[in-house]
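A.B. asks: Could you have a look at this structure, given as structure tokens, before my questions?
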Amino acid sequence: MEQGNSSVSSCSQSENGFISSFSLFPEKAVQELLQSPIQGSDDHLIEFSEALRTVAKALRKVAEGKASAQAEAAEWKRKFELERTRNLQLEDKGKSCLEHQADLDDVKLNNLAKQPTLYNEEANGQSEECCSRNGICSHEVLRDGKPDSDTKMVRKASFKLQWYCKGEKSDQHKHDIVSFERGNITTAERSSKQISLKWESCPQTVLILTKPNSVSVQILCAEMIRWLRQHKKLQIYVEPRVKVDLLSESSYFNFIDTWSDDKEILKLHTKVDLVITLGGDGTVLWAASMFKGPVPPIVPFSLGSLGFMTPFYSENYKECLESVLKGPISITLRHRLLCHVVRDAAKNEFETEEPILVLNEVTIDRGISSYLTNLECYCDNSFVTCVQGDGLILSTTSGSTAYSLAAGGSMVHPQVPGILFTPICPHSLSFRPLILPEHVTLRVQVPFNSRSPAWASFDGKDRKQLAPGDALVCSMAPWPVPTACLVDSTNDFLRSIHEGLHWNLRKTQSSDGPRESFP
């Protein structure tokens with residue numbers, strides 16, 4: 001008994017000697033204490049070592065919780081500073097606009113003589129703000145600054161967009177929403193009503209975009225260009241590689257125009273009245289990506305595998321183009337997402353990289369990392385959720401039949417206004433997809449405590465890395481992509497999911513089985 005008491009006493013003395021080291025280095029203290037020559041029975045030593053390990057684990061959890069709390073506090077402080085800076089800049093911007101409005105008007109008047117001469121055909125028509133906001137507007141006819149009589153004027157075809165309700169004879173539900181002679185479409189909102197396009201002047205210039213590395217598409221392109229030139233007297237634009245291929249076949253195609261650099265691509269919307277795509281949905285995406293602002297009406301011909309946005313068949317291209325050029329035609333306004341990447345080093349929300357427009361979706365995923373993606377999501381500064389899984393898809397309704405559909409999202413009519421919020425393989429059984437209104441601004445941020453960076457891709461390309469602290473801000477762009485309809489937007493959408501996805505296709509139940517008896 002005396003020996004046992006002395007063992008317990010020695011253990012107590014050892015515990016008092018190491019108690020200070022536990023608070024600083026718990027695991028190291030446990031190892032030192034376990035290796036020290038403590039006298040006593042084996043049962044006492046085992047119990048004491050287990051108690052030390054339990055205390056070390058508890059202290060380690062406390063240290064980790066403290067570090068996590070400090071990181072979270074620092075992040076919230078950063079967000080508060082960003083929001084305060086943004087509000088101050090918005091206030092200063094509003095004050096400066098009011099103070100310098102008169103000076104800006106004077107500058108415009110003084111520089112009017114130095115700019116190209118503008119002839120306004122409608123004296124009570126459009127305002128100058130429309131021109132600065134949407135590029136070159138419809139009511140302007142541009143001429144070189146020199147007053148030579150030989151100067152060639154440049155004019156785009158004018159058209160008008162109207163609502164119409166099928167089957168109603170009255171004009172009660174018809175409303176003009178856009179009327180630009182230059183063909184620049186800018187909308188502030190969408191509507192579920194069908195939209196009709198009516199030409200007010202004949203189209204003069206057509207841009208033809210083709211799917212690369214396809215012999216059949218190249219043959220059709222050459223045939224279509226000959227027909228448009230000979231029968232419709234239209235000016236044709238093609239991509240540089242297409243012009244080289246056509247000229248290698250025949251010198252007849254010398255009249256075709258193209259561009260030499262990216263600056264000329266930015267001005268295409270001021271020259272082109274109509275865009276024709278020969279390919280699949282990918283060719284339509286490529287056509288939309290060429291226009292960073294207003295987009296001319298697009299006539300998509302189906303020459304790909306799945307054609308959710310290509311309702312026209314190439315076998316009847318002459319009849320289709322005759323109908324489109326004559327008008328009126330039904331169109332679908334397919335809205336795009338405007339995406340900005342905000343780096344952690346940015347001083348405020350306005351210091352962003354070059355904006356990117358997407359027609360289908362923007363995807364934020366884990367890339368090659370084996371860790372779960374950790375993403376914090378906000379909607380108009382309101383916290384939505386924290387995504388833990390393979391990633392997140394922010395999709396337009398036009399892109400609802402693409403990646404979002406494969407990830408479990410719903411198919412949505414392209415005229416329905418909204419943004420699809422679809423997780424990719426979330427590690428939660430209750431995480432279901434959302435459809436948010438089109439007017440919201442979404443912010444997806446990689447938190448500072450994330451184990452790995454995330455990767456963002458825009459319509460399947462332009463991949464960008466998002467490090468901890470970086471964010472992606474998405475909202476609806478003001479420049480939709482108008483695509484021509486074969487019948488109307490609803491008929492084309494339903495036909496595409498029936499033919500492309502074989503939606504709800506099954507054999508009809510046999511009628512020669514047991515029947516319910518009626519009284």
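Labels used: A, B, ... for chains in the order of the structure tokens, numbers from 1 for residues in each chain, and numbers from 1 for ligands as shown.
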Please provide the set of residues having any atom within 10 Å of A:Asn449, restricted to only C-alpha atoms, with same-chain residues fewer than 4 positions apart removed, written as a CSV table (one decimal) with N, CA and C atoms, in the first residue's frame.

C.D. replies:
```csv
chain,number,residue,atom,x,y,z
A,68,SER,N,-9.7,29.3,-36.8
A,68,SER,CA,-10.8,29.4,-37.7
A,68,SER,C,-11.6,30.6,-37.5
A,71,ALA,N,-9.8,33.7,-38.8
A,71,ALA,CA,-9.8,33.8,-40.2
A,71,ALA,C,-11.2,34.3,-40.7
A,72,GLU,N,-12.3,33.8,-40.0
A,72,GLU,CA,-13.6,34.2,-40.4
A,72,GLU,C,-13.8,35.7,-40.0
A,75,GLU,N,-12.2,37.8,-42.6
A,75,GLU,CA,-12.9,37.8,-43.9
A,75,GLU,C,-14.1,38.7,-43.8
A,374,ASN,N,-15.2,24.5,-52.1
A,374,ASN,CA,-15.9,25.2,-51.0
A,374,ASN,C,-16.2,26.6,-51.5
A,468,PRO,N,-8.2,31.5,-53.1
A,468,PRO,CA,-9.0,31.9,-51.9
A,468,PRO,C,-9.0,33.4,-51.7
A,469,GLY,N,-10.2,34.0,-51.6
A,469,GLY,CA,-10.4,35.4,-51.5
A,469,GLY,C,-10.9,36.0,-52.8
```

A.B. asks: Show me, as JSON, numbers by chain, the residues that have an atom within 8 Å of stretch 228-238 of chain A when counting only C-alpha atoms, minus same-chain residues fewer than 4 positions from it.

C.D. replies: {"A": [203, 204, 205, 206, 207, 208, 209, 224, 242, 243, 255, 256, 257, 258]}

A.B. asks: Check the smallest atom-to-atom distance from each of A:Lys326, A:Asp245, A:Leu429, A:Val217 to A:Cys202 using only C-alpha atoms, then report the winner.

C.D. replies: A:Lys326

A.B. asks: Name all residues at most 12 Å from A:Lys292 (count only C-alpha atoms; drop same-chain ones fewer than 4 positions away) and give them as a VMD selection string.

C.D. replies: chain A and resid 134 to 135 184 262 to 263 265 to 269 286 to 288 296 336 to 338 354 to 359 477 to 481

A.B. asks: Those residues you just picked out, can you put them in a file as a tab-separated table (two decimals), in the first residue's frame with N, CA, C and O atoms?

C.D. replies:
```tsv
chain	number	residue	atom	x	y	z
A	134	ASN	N	-25.49	52.27	-76.44
A	134	ASN	CA	-25.67	51.07	-77.25
A	134	ASN	C	-24.80	51.05	-78.50
A	134	ASN	O	-25.05	50.27	-79.40
A	135	GLY	N	-23.82	51.90	-78.60
A	135	GLY	CA	-22.99	51.92	-79.80
A	135	GLY	C	-23.62	52.84	-80.83
A	135	GLY	O	-24.21	53.86	-80.52
A	184	ASN	N	-29.50	47.55	-83.31
A	184	ASN	CA	-28.87	47.25	-82.02
A	184	ASN	C	-29.95	47.01	-80.98
A	184	ASN	O	-30.73	47.91	-80.67
A	262	ASP	N	-8.99	42.10	-84.05
A	262	ASP	CA	-10.09	42.10	-83.08
A	262	ASP	C	-10.83	43.43	-83.06
A	262	ASP	O	-12.02	43.47	-82.71
A	263	LYS	N	-10.15	44.51	-83.40
A	263	LYS	CA	-10.82	45.81	-83.39
A	263	LYS	C	-11.94	45.86	-84.42
A	263	LYS	O	-12.99	46.47	-84.18
A	265	ILE	N	-13.64	43.27	-85.37
A	265	ILE	CA	-14.72	42.41	-84.88
A	265	ILE	C	-15.64	43.20	-83.96
A	265	ILE	O	-16.87	43.01	-83.97
A	266	LEU	N	-15.08	44.08	-83.15
A	266	LEU	CA	-15.89	44.88	-82.22
A	266	LEU	C	-16.86	45.81	-82.95
A	266	LEU	O	-17.85	46.26	-82.37
A	267	LYS	N	-16.59	46.11	-84.24
A	267	LYS	CA	-17.44	47.01	-85.01
A	267	LYS	C	-18.39	46.27	-85.94
A	267	LYS	O	-19.09	46.91	-86.73
A	268	LEU	N	-18.40	44.94	-85.87
A	268	LEU	CA	-19.24	44.18	-86.80
A	268	LEU	C	-20.72	44.50	-86.63
A	268	LEU	O	-21.47	44.49	-87.61
A	269	HIS	N	-21.15	44.76	-85.39
A	269	HIS	CA	-22.57	45.01	-85.18
A	269	HIS	C	-23.04	46.28	-85.85
A	269	HIS	O	-24.25	46.48	-86.04
A	286	TRP	N	-20.42	30.40	-80.56
A	286	TRP	CA	-19.28	31.13	-81.12
A	286	TRP	C	-19.73	32.45	-81.74
A	286	TRP	O	-19.08	33.48	-81.58
A	287	ALA	N	-20.87	32.43	-82.43
A	287	ALA	CA	-21.39	33.66	-83.02
A	287	ALA	C	-21.73	34.68	-81.94
A	287	ALA	O	-21.42	35.87	-82.07
A	288	ALA	N	-22.35	34.23	-80.85
A	288	ALA	CA	-22.70	35.15	-79.77
A	288	ALA	C	-21.46	35.72	-79.10
A	288	ALA	O	-21.45	36.89	-78.69
A	296	PRO	N	-26.78	41.20	-83.85
A	296	PRO	CA	-27.79	41.17	-84.92
A	296	PRO	C	-28.61	39.89	-84.84
A	296	PRO	O	-28.19	38.91	-84.22
A	336	ARG	N	-28.01	36.69	-71.97
A	336	ARG	CA	-26.68	36.22	-71.59
A	336	ARG	C	-26.34	36.69	-70.18
A	336	ARG	O	-26.91	37.66	-69.67
A	337	LEU	N	-25.36	36.01	-69.58
A	337	LEU	CA	-24.84	36.40	-68.27
A	337	LEU	C	-23.58	37.24	-68.45
A	337	LEU	O	-22.72	36.92	-69.28
A	338	LEU	N	-23.50	38.32	-67.69
A	338	LEU	CA	-22.32	39.18	-67.68
A	338	LEU	C	-21.50	38.84	-66.43
A	338	LEU	O	-21.98	39.02	-65.31
A	354	GLU	N	-11.51	41.89	-67.30
A	354	GLU	CA	-12.38	42.16	-68.44
A	354	GLU	C	-13.65	41.31	-68.35
A	354	GLU	O	-13.60	40.11	-68.11
A	355	PRO	N	-14.83	41.93	-68.53
A	355	PRO	CA	-16.08	41.17	-68.40
A	355	PRO	C	-16.20	40.11	-69.50
A	355	PRO	O	-15.70	40.28	-70.61
A	356	ILE	N	-16.89	39.03	-69.16
A	356	ILE	CA	-17.10	37.92	-70.08
A	356	ILE	C	-18.59	37.67	-70.20
A	356	ILE	O	-19.31	37.62	-69.20
A	357	LEU	N	-19.08	37.52	-71.44
A	357	LEU	CA	-20.47	37.24	-71.71
A	357	LEU	C	-20.64	35.76	-72.04
A	357	LEU	O	-19.87	35.21	-72.83
A	358	VAL	N	-21.63	35.11	-71.43
A	358	VAL	CA	-21.89	33.70	-71.69
A	358	VAL	C	-23.36	33.53	-72.07
A	358	VAL	O	-24.24	34.18	-71.52
A	359	LEU	N	-23.60	32.64	-73.03
A	359	LEU	CA	-24.95	32.36	-73.48
A	359	LEU	C	-25.54	31.14	-72.79
A	359	LEU	O	-26.74	31.07	-72.55
A	477	ALA	N	-26.94	40.20	-68.62
A	477	ALA	CA	-26.41	41.22	-69.53
A	477	ALA	C	-27.55	41.94	-70.24
A	477	ALA	O	-28.62	41.36	-70.47
A	478	PRO	N	-27.35	43.21	-70.61
A	478	PRO	CA	-28.43	43.96	-71.28
A	478	PRO	C	-28.53	43.68	-72.77
A	478	PRO	O	-29.40	44.25	-73.43
A	479	TRP	N	-27.63	42.85	-73.33
A	479	TRP	CA	-27.64	42.59	-74.77
A	479	TRP	C	-28.01	41.14	-75.04
A	479	TRP	O	-27.18	40.24	-74.92
A	480	PRO	N	-29.25	40.85	-75.42
A	480	PRO	CA	-29.66	39.47	-75.68
A	480	PRO	C	-29.17	39.00	-77.04
A	480	PRO	O	-28.71	39.80	-77.87
A	481	VAL	N	-29.31	37.70	-77.27
A	481	VAL	CA	-28.97	37.10	-78.56
A	481	VAL	C	-30.29	36.75	-79.24
A	481	VAL	O	-30.95	35.78	-78.84
```

A.B. asks: Would you kindly return, as a PDB file with N, CA, C and O atoms, in the first residue's frame, each protein, DNA or RNA residue with an atom no farther than 10 Å from any atom of A:Glu315, considering only C-alpha atoms and excluding same-chain residues fewer than 6 positions away?

C.D. replies:
```pdb
ATOM      1  N   LEU A 220     -21.846  23.668 -98.573  1.00  0.00           N
ATOM      2  CA  LEU A 220     -23.090  24.409 -98.392  1.00  0.00           C
ATOM      3  C   LEU A 220     -22.834  25.905 -98.282  1.00  0.00           C
ATOM      4  O   LEU A 220     -23.613  26.708 -98.820  1.00  0.00           O
ATOM      5  N   PHE A 301     -28.784  27.329 -88.758  1.00  0.00           N
ATOM      6  CA  PHE A 301     -29.089  26.109 -89.500  1.00  0.00           C
ATOM      7  C   PHE A 301     -28.457  24.914 -88.795  1.00  0.00           C
ATOM      8  O   PHE A 301     -27.304  24.977 -88.361  1.00  0.00           O
ATOM      9  N   SER A 302     -29.220  23.828 -88.720  1.00  0.00           N
ATOM     10  CA  SER A 302     -28.801  22.655 -87.967  1.00  0.00           C
ATOM     11  C   SER A 302     -27.898  21.768 -88.812  1.00  0.00           C
ATOM     12  O   SER A 302     -28.340  21.132 -89.772  1.00  0.00           O
TER      13      SER A 302
END
```

A.B. asks: Which neighbours of A:Leu285 fall inside 9 Å, counting only C-alpha atoms, when residues of the same chain fewer than 4 positions from it are skipped, and could you give them as a compact mmCIF listing (two decimals) with C-alpha atoms, in the first residue's frame?

C.D. replies:
```txt
# COMPACT_ATOMS: atom_id res chain seq x y z
CA ASP A 281 -25.31 24.89 -80.92
CA SER A 289 -19.19 35.40 -78.29
CA MET A 290 -18.04 37.55 -81.22
CA VAL A 358 -21.89 33.70 -71.69
CA LEU A 359 -24.95 32.36 -73.48
CA ASN A 360 -25.19 28.94 -71.80
CA ASP A 459 -19.42 28.43 -72.00
```

A.B. asks: Determine which residues of stretch 183-400 of chain A receive a DSSP assignment of helix (DSSP H, G or I), computed from the backbone, and state them as number ranges by chain.

C.D. replies: A: 215-232, 240-249, 251-255, 262-266, 268-270, 281-289, 314-326, 398-400

A.B. asks: Select from stretch 443-486 of chain A everything DSSP, run on the backbone, classes as strand (DSSP E or B), then give the selection as a list in words.

C.D. replies: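 Written out, the strand (DSSP E or B) residues of stretch 443-486 of chain A are Arg443, Val444, Gln445, Ala454, Trp455, Ala456, Ser457, Phe458, Lys461, Asp462, Arg463, Lys464, Gln465, Leu466, Ala471, Leu472, Val473, Cys474, Ser475, Met476, Val481, Pro482, Thr483 and Ala484 of chain A.
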
A.B. asks: Emit the selected residues as a CSV table (one decimal), in the first residue's frame, including C-alpha atoms.

C.D. replies:
```csv
chain,number,residue,atom,x,y,z
A,443,ARG,CA,-21.6,36.5,-56.1
A,444,VAL,CA,-19.6,33.3,-55.7
A,445,GLN,CA,-16.5,33.6,-53.5
A,454,ALA,CA,-11.5,26.8,-57.7
A,455,TRP,CA,-11.7,27.0,-61.5
A,456,ALA,CA,-14.3,29.0,-63.6
A,457,SER,CA,-15.1,28.3,-67.2
A,458,PHE,CA,-17.4,30.3,-69.4
A,461,LYS,CA,-13.8,27.9,-72.4
A,462,ASP,CA,-11.7,30.8,-71.1
A,463,ARG,CA,-10.9,28.9,-67.9
A,464,LYS,CA,-9.7,31.0,-65.0
A,465,GLN,CA,-8.4,30.1,-61.6
A,466,LEU,CA,-10.1,31.5,-58.4
A,471,ALA,CA,-14.9,36.1,-56.3
A,472,LEU,CA,-17.0,35.7,-59.4
A,473,VAL,CA,-19.9,38.2,-59.9
A,474,CYS,CA,-22.7,37.4,-62.4
A,475,SER,CA,-25.7,39.3,-63.5
A,476,MET,CA,-28.0,39.4,-66.6
A,481,VAL,CA,-29.0,37.1,-78.6
A,482,PRO,CA,-32.0,37.2,-80.9
A,483,THR,CA,-32.4,33.9,-82.8
A,484,ALA,CA,-34.9,33.3,-85.5
```

A.B. asks: Pick the closest to A:Arg226 from A:Gln70, A:Ser201, A:Lys318, A:Lys211: which is it, counting only C-alpha atoms?

C.D. replies: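 Closest to A:Arg226, using only C-alpha atoms: A:Lys318.
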
A.B. asks: Skip A:Ser305 itself and residues of its chain fewer than 5 positions away, then list as a PDB file with C-alpha atoms, in the first residue's frame all residues within 10 Å of it, counting only C-alpha atoms.

C.D. replies:
```pdb
ATOM      1  CA  GLY A 279     -23.309  24.111 -87.589  1.00  0.00           C
ATOM      2  CA  GLY A 280     -24.705  23.109 -84.217  1.00  0.00           C
ATOM      3  CA  ASP A 281     -25.308  24.892 -80.922  1.00  0.00           C
ATOM      4  CA  GLY A 500     -32.851  15.907 -79.316  1.00  0.00           C
TER       5      GLY A 500
END
```

A.B. asks: One decimal, Å: what's the distance from atom CA of A:Ile331 over to atom CA of A:Leu197, could you say?

C.D. replies: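 Spanning atom CA of A:Ile331 to atom CA of A:Leu197 is a straight-line distance of 6.7 Å.
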